[in-house]
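Everything below concerns the one structure shown next.
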Amino acid sequence: MSMRRFKKGVAGFLTGVCCMAMMSITAFANTDIEPDAGAYGVLKGELYGTRAKVTSVTSVTYNPDNAYLTAKLDAKNRQGDTLKTTGVRKSSTGILRYTFNWTNVESACYSVFGTQGVQGGTSQPAKAVYTYTAMD
């Protein structure tokens with residue numbers, strides 16, 4: 001066997017292994033952090049899940065002015081068209097962590113985009129982070 005055929009064979013094998021590994025993953029988690037969210041400290045958004053349930057977690061280090069935490073999720077198909085949206089979901093005021101679960105996302109959903117933030121406080125400006133997760 002020539003060296004050229006050997007290299008092609010190895011490259012083909014590795015490509016196949018990578019493709020199979022990617023197919024076995026149902027979704028991946030994404031995190032975005034705003035390290036300087038003013039008096040809120042660190043603003044963090046997390047997004048993960050499957051078509052059965054997507055979970056969004058929004059958190060801040062401090063909440064000195066009774067702001068509320070938010071989450072807005074958009075389900076998109078392979079072409080990037082929006083299939084469904086949650087609209088903006090708001091927590092109660094003054095909390096440090098807000099978890100929102102979106103169940104039974106569209107079967108044609110390929111990815112979910114999240115916008116998570118903190119707003120509505122009496123003295124601090126609103127801040128947002130942006131997350132993404134792919135479905136299987």
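Ligands are numbered from 1 in the order shown, residues from 1 within each chain, and chains are lettered A, B, ... in the order they appear in the structure tokens.
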
**OP:** Pick out the residues sitting within 9 Å of range 48-65 of chain A, and hand them over as a ChimeraX atom specification; count only C-alpha atoms, and ignore anything fewer than 2 positions along from it in its own chain.
**Re:** /A:26-31,37,39-46,67-73,93-107,109-110,112,114,116-118,120-124,132-136

**OP:** Figure out the distance between CA of Asn77 in chain A and CA of Ser111 in chain A, please, to one decimal in Å.
**Re:** 6.7 Å

**OP:** Report the distance between CA of Lys127 in chain A and CA of Ala75 in chain A in Å, rounded to one decimal place.
**Re:**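 Going from CA of Lys127 in chain A over to CA of Ala75 in chain A covers 22.3 Å.
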